[in-house]
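Engineer: Below you'll find data.cif; it's mmCIF, C-alpha atoms.
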```cif
data_input
#
loop_
_atom_site.label_atom_id
_atom_site.label_comp_id
_atom_site.auth_asym_id
_atom_site.auth_seq_id
_atom_site.Cartn_x
_atom_site.Cartn_y
_atom_site.Cartn_z
CA MET A 1 101.89 90.72 93.06
CA LYS A 2 102.45 90.35 96.81
CA VAL A 3 100.44 87.84 98.82
CA VAL A 4 99.44 88.60 102.42
CA LEU A 5 98.82 85.45 104.46
CA PHE A 6 97.12 85.56 107.85
CA CYS A 7 99.01 83.06 110.01
CA GLY A 8 98.29 84.00 113.62
CA GLY A 9 95.23 81.90 114.40
CA LEU A 10 94.96 79.43 117.27
CA GLY A 11 93.06 76.67 115.47
CA LEU A 12 91.22 75.67 118.63
CA ARG A 13 88.75 73.42 116.80
CA ILE A 14 91.50 71.21 115.38
CA ARG A 15 93.11 68.81 117.81
CA ASP A 16 96.44 68.95 115.98
CA ALA A 17 96.56 72.76 116.33
CA GLU A 18 96.22 73.07 120.08
CA ASP A 19 99.82 74.24 120.48
CA ILE A 20 100.80 75.38 116.98
CA PRO A 21 99.49 78.04 114.58
CA LYS A 22 96.53 76.70 112.61
CA PRO A 23 98.30 77.19 109.23
CA MET A 24 101.04 74.81 110.42
CA VAL A 25 98.68 71.83 110.66
CA HIS A 26 99.94 69.30 108.13
CA ILE A 27 98.17 67.96 105.08
CA GLY A 28 100.38 65.10 103.98
CA HIS A 29 104.02 65.94 104.65
CA ARG A 30 103.60 69.74 104.45
CA PRO A 31 101.56 72.27 106.49
CA ILE A 32 98.46 73.76 104.88
CA LEU A 33 100.29 77.11 104.76
CA TRP A 34 102.79 75.54 102.36
CA HIS A 35 99.97 74.25 100.15
CA VAL A 36 98.46 77.75 99.98
CA MET A 37 101.84 79.31 99.15
CA LYS A 38 102.55 76.64 96.55
CA TYR A 39 99.20 77.46 94.92
CA TYR A 40 100.03 81.16 94.58
CA ALA A 41 103.59 80.44 93.46
CA HIS A 42 102.23 78.25 90.67
CA PHE A 43 100.48 81.32 89.25
CA GLY A 44 103.63 83.46 89.52
CA HIS A 45 102.98 85.20 92.85
CA ARG A 46 105.98 84.34 95.01
CA ASP A 47 106.41 87.42 97.22
CA PHE A 48 104.74 86.52 100.52
CA ILE A 49 104.02 88.51 103.68
CA LEU A 50 103.23 86.26 106.64
CA CYS A 51 101.14 87.93 109.37
CA LEU A 52 102.40 86.11 112.45
CA GLY A 53 100.84 85.81 115.89
CA HIS A 54 100.38 82.66 117.97
CA ARG A 55 103.59 80.60 118.10
CA ALA A 56 105.25 82.73 115.43
CA GLU A 57 108.56 80.99 116.09
CA THR A 58 107.09 77.72 114.80
CA ILE A 59 106.53 79.22 111.36
CA LYS A 60 109.88 81.03 111.34
CA ASN A 61 111.81 77.89 112.29
CA TYR A 62 109.96 75.81 109.71
CA PHE A 63 111.23 77.97 106.87
CA LEU A 64 114.64 78.66 108.43
CA ASN A 65 115.18 74.89 108.52
CA TYR A 66 113.27 74.05 105.36
CA ASN A 67 113.94 70.59 103.93
CA GLU A 68 113.57 70.56 100.15
CA CYS A 69 113.96 66.79 100.08
CA ALA A 70 110.60 66.26 101.77
CA SER A 71 108.64 67.19 98.64
CA ASN A 72 111.12 66.81 95.77
CA ASP A 73 112.94 63.96 94.07
CA PHE A 74 116.68 63.93 94.61
CA VAL A 75 119.86 61.88 94.18
CA LEU A 76 122.14 61.15 97.11
CA SER A 77 125.68 60.05 96.29
CA ALA A 78 129.26 60.06 97.55
CA GLY A 79 128.24 58.30 100.71
CA GLY A 80 125.72 60.99 101.58
CA LYS A 81 128.10 63.91 100.91
CA LYS A 82 126.51 64.95 97.62
CA LEU A 83 122.86 65.87 97.14
CA GLU A 84 121.24 66.70 93.79
CA LEU A 85 117.68 68.05 93.78
CA PHE A 86 115.57 67.66 90.65
CA ASN A 87 113.22 70.46 91.71
CA SER A 88 112.98 73.17 94.35
CA ASP A 89 109.93 74.53 96.17
CA ILE A 90 111.00 77.82 97.70
CA GLN A 91 114.24 78.86 96.00
CA ASP A 92 112.47 81.71 94.16
CA TRP A 93 110.14 82.67 97.01
CA ARG A 94 110.55 85.89 98.98
CA ILE A 95 109.00 85.66 102.45
CA THR A 96 108.50 88.56 104.86
CA PHE A 97 107.89 87.45 108.45
CA ALA A 98 105.87 90.14 110.27
CA ASP A 99 104.83 90.11 113.92
CA THR A 100 101.19 91.30 113.91
CA GLY A 101 100.23 90.52 117.52
CA ILE A 102 99.10 87.49 119.47
CA ASN A 103 95.42 88.45 119.79
CA SER A 104 94.98 90.66 116.72
CA ASN A 105 92.04 90.18 114.40
CA ILE A 106 92.37 90.04 110.61
CA GLY A 107 91.84 93.76 110.14
CA GLN A 108 94.56 94.58 112.65
CA ARG A 109 96.96 92.10 111.07
CA LEU A 110 96.39 93.62 107.64
CA ARG A 111 96.98 97.16 108.92
CA ALA A 112 100.18 96.00 110.61
CA VAL A 113 101.74 94.96 107.28
CA GLU A 114 100.66 98.00 105.25
CA LYS A 115 104.26 99.28 105.37
CA TYR A 116 105.43 96.15 103.54
CA LEU A 117 103.02 96.87 100.67
CA GLU A 118 104.48 100.25 99.79
CA GLY A 119 104.47 100.75 96.04
CA GLU A 120 101.88 98.02 95.45
CA GLU A 121 98.68 99.17 93.74
CA GLU A 122 96.96 95.86 94.45
CA PHE A 123 97.69 92.67 96.34
CA LEU A 124 96.34 89.23 97.22
CA ALA A 125 95.38 88.00 100.68
CA ASN A 126 94.32 84.70 102.21
CA TYR A 127 93.18 83.19 105.51
CA SER A 128 95.71 80.34 105.01
CA ASP A 129 93.24 77.64 105.99
CA GLY A 130 91.42 76.96 102.71
CA LEU A 131 92.32 75.26 99.44
CA THR A 132 90.90 75.52 95.93
CA ASP A 133 91.65 74.60 92.33
CA ILE A 134 90.35 77.85 90.79
CA PRO A 135 92.61 79.25 88.05
CA LEU A 136 93.70 82.45 89.82
CA SER A 137 93.80 84.41 86.57
CA THR A 138 90.02 84.11 86.20
CA GLN A 139 89.39 85.80 89.56
CA LEU A 140 91.99 88.46 88.76
CA ASP A 141 90.42 89.13 85.34
CA HIS A 142 87.02 89.49 87.00
CA PHE A 143 88.49 91.90 89.56
CA HIS A 144 90.12 94.06 86.91
CA ALA A 145 87.02 94.06 84.70
CA HIS A 146 84.86 95.44 87.52
CA ASP A 147 87.51 97.91 88.77
CA LYS A 148 86.46 97.78 92.43
CA ILE A 149 88.51 98.04 95.63
CA ALA A 150 87.96 94.51 96.95
CA SER A 151 87.03 91.05 95.73
CA PHE A 152 86.70 87.71 97.45
CA LEU A 153 85.96 84.16 96.38
CA CYS A 154 82.33 83.14 97.00
CA VAL A 155 81.81 79.40 97.38
CA ARG A 156 79.12 77.00 98.43
CA PRO A 157 79.58 75.85 102.04
CA SER A 158 80.88 72.30 102.35
CA LEU A 159 78.78 71.47 105.40
CA SER A 160 76.58 68.48 106.15
CA TYR A 161 73.79 70.64 107.57
CA HIS A 162 70.30 71.41 106.26
CA LEU A 163 68.75 74.86 105.93
CA VAL A 164 65.27 75.09 107.37
CA SER A 165 62.54 77.64 106.61
CA LEU A 166 59.61 78.07 108.99
CA GLN A 167 56.22 79.25 107.79
CA GLU A 168 55.36 82.87 108.53
CA GLY A 169 52.69 83.17 111.19
CA ASN A 170 53.40 79.65 112.41
CA GLY A 171 56.87 79.39 113.91
CA SER A 172 56.72 75.60 114.12
CA LEU A 173 55.51 74.52 110.67
CA VAL A 174 58.40 73.78 108.30
CA SER A 175 57.91 75.24 104.83
CA ASP A 176 61.21 74.08 103.31
CA ILE A 177 64.32 72.05 104.12
CA HIS A 178 67.33 71.33 101.93
CA ALA A 179 71.06 70.66 102.14
CA ILE A 180 72.99 73.85 102.79
CA ASP A 181 75.22 73.26 99.74
CA ASN A 182 72.20 72.65 97.49
CA GLY A 183 70.82 76.17 97.35
CA ASN A 184 71.73 79.78 96.77
CA VAL A 185 73.77 80.17 99.96
CA ARG A 186 77.37 81.22 99.42
CA ILE A 187 80.11 82.01 101.91
CA ASN A 188 83.38 83.91 101.95
CA GLY A 189 86.03 81.48 100.69
CA GLY A 190 88.96 83.48 102.06
CA PHE A 191 90.75 84.23 98.76
CA PHE A 192 90.94 88.04 98.52
CA ILE A 193 92.13 90.61 95.99
CA PHE A 194 92.55 94.19 97.20
CA LYS A 195 93.53 97.55 95.87
CA LYS A 196 95.80 99.51 98.20
CA LYS A 197 92.83 101.81 98.91
CA ILE A 198 91.42 99.10 101.22
CA PHE A 199 93.46 100.65 104.04
CA GLU A 200 91.34 103.80 103.84
CA TYR A 201 88.37 101.70 104.97
CA ILE A 202 89.95 99.93 107.97
CA ARG A 203 90.00 101.72 111.30
CA ASP A 204 91.74 100.76 114.52
CA LYS A 205 90.76 97.37 115.98
CA GLU A 206 88.14 96.66 113.30
CA GLU A 207 87.62 93.16 111.88
CA LEU A 208 88.13 93.17 108.10
CA VAL A 209 84.85 91.68 106.92
CA ILE A 210 82.62 93.58 109.35
CA GLU A 211 82.94 97.38 109.44
CA PRO A 212 85.38 97.86 106.51
CA PHE A 213 83.48 95.56 104.17
CA HIS A 214 80.19 97.25 105.03
CA ARG A 215 81.73 100.61 104.14
CA LEU A 216 82.75 99.12 100.81
CA LEU A 217 79.23 97.74 100.35
CA ALA A 218 77.75 101.18 100.91
CA GLU A 219 79.95 102.61 98.16
CA LYS A 220 79.48 99.61 95.83
CA GLU A 221 83.20 98.84 95.94
CA LEU A 222 82.99 95.16 96.98
CA ILE A 223 82.49 92.26 94.57
CA GLY A 224 82.38 88.51 94.92
CA TYR A 225 83.59 85.90 92.46
CA ALA A 226 81.28 82.87 92.48
CA TYR A 227 83.05 79.53 92.04
CA ASP A 228 81.51 76.06 92.07
CA GLY A 229 84.66 74.01 91.59
CA PHE A 230 86.72 72.52 94.39
CA TRP A 231 87.06 74.50 97.60
CA ALA A 232 87.54 73.23 101.13
CA SER A 233 88.50 74.86 104.40
CA MET A 234 90.23 73.25 107.38
CA ASP A 235 88.23 74.37 110.39
CA THR A 236 87.76 71.08 112.22
CA PHE A 237 89.50 67.76 112.66
CA LYS A 238 86.96 66.24 110.26
CA ASP A 239 87.97 68.80 107.61
CA LYS A 240 91.62 67.91 108.14
CA GLN A 241 90.88 64.20 107.67
CA HIS A 242 89.00 64.93 104.46
CA LEU A 243 91.97 66.83 103.01
CA GLU A 244 94.39 64.18 104.27
CA ASN A 245 92.38 61.47 102.52
CA LEU A 246 92.38 63.37 99.23
CA CYS A 247 96.12 63.92 99.50
CA ALA A 248 96.84 60.30 100.42
CA GLY A 249 94.66 59.05 97.57
CA GLY A 250 96.52 61.13 94.99
CA VAL A 251 93.41 63.16 94.11
CA ALA A 252 94.16 66.52 95.73
CA PRO A 253 92.47 69.02 93.34
CA TRP A 254 94.25 72.03 94.86
CA GLU A 255 97.66 70.71 93.78
CA VAL A 256 97.41 72.63 90.51
CA TRP A 257 101.21 72.71 90.28
CA LYS A 258 101.06 68.99 89.42
CA SER A 259 98.43 69.31 86.70
CA ASN A 260 100.51 70.84 83.89
CA GLY A 261 98.25 73.86 83.70
CA LYS A 262 95.02 71.83 83.58
CA ASN A 263 93.80 73.29 86.82
CA GLY A 264 90.24 74.22 87.60
CA GLY A 265 87.42 71.76 87.44
CA SER A 266 84.34 70.33 89.02
CA HIS A 267 85.77 68.48 92.01
CA LYS A 268 83.48 68.93 94.98
CA ARG A 269 83.52 67.83 98.54
#
```
Would you mind writing the file's structure down as structure tokens?

Structural biologist:
Amino acid sequence: MKVVLFCGGLGLRIRDAEDIPKPMVHIGHRPILWHVMKYYAHFGHRDFILCLGHRAETIKNYFLNYNECASNDFVLSAGGKKLELFNSDIQDWRITFADTGINSNIGQRLRAVEKYLEGEEEFLANYSDGLTDIPLSTQLDHFHAHDKIASFLCVRPSLSYHLVSLQEGNGSLVSDIHAIDNGNVRINGGFFIFKKKIFEYIRDKEELVIEPFHRLLAEKELIGYAYDGFWASMDTFKDKQHLENLCAGGVAPWEVWKSNGKNGGSHKR
């Protein structure tokens, strides 16, 4: 199954992303885009379509000059003339690099790569700025069981804010307050599954999760998959530091490719 990755964002809220595409901000020695691709590849989905925009050349050059040694064990011999890799990251990946516009929104970027999805009845898509340890097959099974046009991962927000309810008739008296991640609030986690029919619901210049998703809602063709295991997005510098710390400490739950199939779990931010 092909995987569409939205890679054209500016990442203005992350200091490291002021002059590079947000998906190229590093977590450890690899950009978060690589971590997302590695996740999908682990589950057998290695045909990627990158929707490029801001500083597209940065992403192109990264893969054109990819260094396998940065994330794999190897043997160097013959005075540096011979190199033997024990593993390879991207040898079996197929990557389509598609220019989808500097200022395009997600809906426009998706429409721009429709031609590269010819023959595909369904496909995966991702914002390229979030990580999870969910076994992908469980979301796919849920999608197929419900037979709808679109599905997305629904997660609890990992924010240090509190939700406040004010009493009706008295706009100042607080009737309830609790941590935003300790309630029934869920957000779009950015891991999508679509049937090809999604393109029938997206019109020119529309943002994906606004008009198109509301059309799907009206026809009961949109479902969410609730997941309470590990999920984290990289929207701010603080988010980046959190992911960096997990990676540096050797407890990065999203690195399911290192877990010998024992992915999924209860790790929470």

Engineer: Residues picked by the PyMOL selection byres ((chain A and resi 164) around 7) here, as a short mmCIF file (atom, residue, chain, number, x, y, z; two decimals) with C-alpha atoms, in the frame of the given file?

Structural biologist:
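Generated file (out14.cif):
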```cif
data_model
loop_
_atom_site.label_atom_id
_atom_site.label_comp_id
_atom_site.auth_asym_id
_atom_site.auth_seq_id
_atom_site.Cartn_x
_atom_site.Cartn_y
_atom_site.Cartn_z
CA HIS A 162 70.30 71.41 106.26
CA LEU A 163 68.75 74.86 105.93
CA SER A 165 62.54 77.64 106.61
CA LEU A 166 59.61 78.07 108.99
CA ASP A 176 61.21 74.08 103.31
CA ILE A 177 64.32 72.05 104.12
CA HIS A 178 67.33 71.33 101.93
#
```

Engineer: Grab the atom CA of Lys258 of chain A to atom CA of Phe192 of chain A distance for me, in Å with one decimal place.

Structural biologist: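 We find that atom CA of Lys258 of chain A and atom CA of Phe192 of chain A lie 23.4 Å from each other.
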
Engineer: Tell me which of A:Cys51, A:Leu76, A:Ile90, A:Leu131 sits closest to Cys247 of chain A, counting all atoms listed in the file.

Structural biologist: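 Result for the nearest residue to Cys247 of chain A: A:Leu131.
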
Engineer: Going by the chain IDs and residue numbers used in this file, which residues fall under the PyMOL selection byres ((chain A and resi 212) around 9)? Write them as an NGL selection string.

Structural biologist: :A and (107 or 198-203 or 206-211 or 213-217)

Engineer: Dump C-alpha atoms for the selected residues as a short mmCIF file (atom, residue, chain, number, x, y, z; two decimals), in the coordinates of the input?

Structural biologist:
```cif
data_model
loop_
_atom_site.label_atom_id
_atom_site.label_comp_id
_atom_site.auth_asym_id
_atom_site.auth_seq_id
_atom_site.Cartn_x
_atom_site.Cartn_y
_atom_site.Cartn_z
CA GLY A 107 91.84 93.76 110.14
CA ILE A 198 91.42 99.10 101.22
CA PHE A 199 93.46 100.65 104.04
CA GLU A 200 91.34 103.80 103.84
CA TYR A 201 88.37 101.70 104.97
CA ILE A 202 89.95 99.93 107.97
CA ARG A 203 90.00 101.72 111.30
CA GLU A 206 88.14 96.66 113.30
CA GLU A 207 87.62 93.16 111.88
CA LEU A 208 88.13 93.17 108.10
CA VAL A 209 84.85 91.68 106.92
CA ILE A 210 82.62 93.58 109.35
CA GLU A 211 82.94 97.38 109.44
CA PHE A 213 83.48 95.56 104.17
CA HIS A 214 80.19 97.25 105.03
CA ARG A 215 81.73 100.61 104.14
CA LEU A 216 82.75 99.12 100.81
CA LEU A 217 79.23 97.74 100.35
#
```

Engineer: When you look at Ala56 of chain A with a cut-off of 9 Å (counting all atoms listed in the file), what residues show up, excluding the ones that are within fewer than 6 positions of it in the same chain? I need them as an MDAnalysis selection string.

Structural biologist: chainID A and resid 7:8 20:21 97 99 102

Engineer: Convert the current residue selection to file output with C-alpha atoms, as a short mmCIF file (atom, residue, chain, number, x, y, z; two decimals), keeping the file's coordinate frame.

Structural biologist:
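Writing the result to again23.cif gives the following:
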```cif
data_model
loop_
_atom_site.label_atom_id
_atom_site.label_comp_id
_atom_site.auth_asym_id
_atom_site.auth_seq_id
_atom_site.Cartn_x
_atom_site.Cartn_y
_atom_site.Cartn_z
CA CYS A 7 99.01 83.06 110.01
CA GLY A 8 98.29 84.00 113.62
CA ILE A 20 100.80 75.38 116.98
CA PRO A 21 99.49 78.04 114.58
CA PHE A 97 107.89 87.45 108.45
CA ASP A 99 104.83 90.11 113.92
CA ILE A 102 99.10 87.49 119.47
#
```

Engineer: Record the distance separating atom CA of Ala145 of chain A and atom CA of Trp254 of chain A, expressed in Å with one decimal.

Structural biologist: 25.3 Å

Engineer: Might you pull out every residue within 10 Å of Thr58 of chain A, with only C-alpha atoms counted and same-chain residues fewer than 5 positions away left off, and present them as a count of residues only?

Structural biologist: 7

Engineer: May I have the protein, DNA and RNA residues with any atom at most 9 Å from the point (94.1, 81.9, 116.2), counting all atoms listed in the file, written as a compact mmCIF listing (two decimals) with C-alpha atoms, in the coordinates of the input?

Structural biologist:
```
# COMPACT_ATOMS: atom_id res chain seq x y z
CA CYS A 7 99.01 83.06 110.01
CA GLY A 8 98.29 84.00 113.62
CA GLY A 9 95.23 81.90 114.40
CA LEU A 10 94.96 79.43 117.27
CA GLY A 11 93.06 76.67 115.47
CA LEU A 12 91.22 75.67 118.63
CA PRO A 21 99.49 78.04 114.58
CA LYS A 22 96.53 76.70 112.61
CA GLY A 53 100.84 85.81 115.89
CA HIS A 54 100.38 82.66 117.97
CA ILE A 102 99.10 87.49 119.47
CA ASN A 103 95.42 88.45 119.79
CA SER A 104 94.98 90.66 116.72
CA ASN A 105 92.04 90.18 114.40
```

Engineer: Which residues, named as in the file, does the PyMOL selection byres ((chain A and resi 222) around 9) pick out? Answer as a CSV table (one decimal) with C-alpha atoms, in the coordinates of the input.

Structural biologist:
```csv
chain,number,residue,atom,x,y,z
A,148,LYS,CA,86.5,97.8,92.4
A,149,ILE,CA,88.5,98.0,95.6
A,150,ALA,CA,88.0,94.5,97.0
A,151,SER,CA,87.0,91.0,95.7
A,152,PHE,CA,86.7,87.7,97.4
A,213,PHE,CA,83.5,95.6,104.2
A,214,HIS,CA,80.2,97.2,105.0
A,216,LEU,CA,82.8,99.1,100.8
A,217,LEU,CA,79.2,97.7,100.4
A,218,ALA,CA,77.8,101.2,100.9
A,219,GLU,CA,80.0,102.6,98.2
A,220,LYS,CA,79.5,99.6,95.8
A,221,GLU,CA,83.2,98.8,95.9
A,223,ILE,CA,82.5,92.3,94.6
A,224,GLY,CA,82.4,88.5,94.9
```

Engineer: In Å to one decimal, how far is atom CA of Ser137 of chain A from atom CA of Thr96 of chain A?

Structural biologist: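 Distance between the two atoms: 23.8 Å.
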
Engineer: Closest to Gly229 of chain A among A:Glu122, A:Asp133, A:Glu244, A:Glu84, using all atoms listed in the file?

Structural biologist: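 Nearest candidate to Gly229 of chain A out of A:Glu122, A:Asp133, A:Glu244, A:Glu84: A:Asp133.
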
Engineer: Please return segment 229-242 of chain A, rebuilt to N, CA and C atoms, as a CSV table (one decimal), keeping the file's coordinate frame.

Structural biologist:
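Generated output (part_18.csv):
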```csv
chain,number,residue,atom,x,y,z
A,229,GLY,N,83.7,75.1,91.6
A,229,GLY,CA,84.7,74.0,91.6
A,229,GLY,C,85.1,73.6,93.0
A,230,PHE,N,86.3,73.0,93.1
A,230,PHE,CA,86.7,72.5,94.4
A,230,PHE,C,87.1,73.7,95.3
A,231,TRP,N,86.6,73.6,96.5
A,231,TRP,CA,87.1,74.5,97.6
A,231,TRP,C,86.8,73.8,98.9
A,232,ALA,N,87.7,73.8,99.8
A,232,ALA,CA,87.5,73.2,101.1
A,232,ALA,C,88.4,74.0,102.2
A,233,SER,N,87.8,74.2,103.3
A,233,SER,CA,88.5,74.9,104.4
A,233,SER,C,88.9,73.8,105.5
A,234,MET,N,89.8,74.2,106.3
A,234,MET,CA,90.2,73.2,107.4
A,234,MET,C,89.9,73.9,108.7
A,235,ASP,N,88.7,73.8,109.1
A,235,ASP,CA,88.2,74.4,110.4
A,235,ASP,C,88.2,73.4,111.5
A,236,THR,N,87.9,72.1,111.2
A,236,THR,CA,87.8,71.1,112.2
A,236,THR,C,88.6,69.9,111.9
A,237,PHE,N,88.7,69.0,112.9
A,237,PHE,CA,89.5,67.8,112.7
A,237,PHE,C,88.9,66.9,111.5
A,238,LYS,N,87.6,67.0,111.4
A,238,LYS,CA,87.0,66.2,110.3
A,238,LYS,C,87.4,66.8,108.9
A,239,ASP,N,87.5,68.1,108.8
A,239,ASP,CA,88.0,68.8,107.6
A,239,ASP,C,89.4,68.4,107.3
A,240,LYS,N,90.2,68.3,108.3
A,240,LYS,CA,91.6,67.9,108.1
A,240,LYS,C,91.7,66.5,107.6
A,241,GLN,N,90.9,65.6,108.1
A,241,GLN,CA,90.9,64.2,107.7
A,241,GLN,C,90.4,64.1,106.2
A,242,HIS,N,89.5,64.9,105.8
A,242,HIS,CA,89.0,64.9,104.5
A,242,HIS,C,90.1,65.3,103.5
```
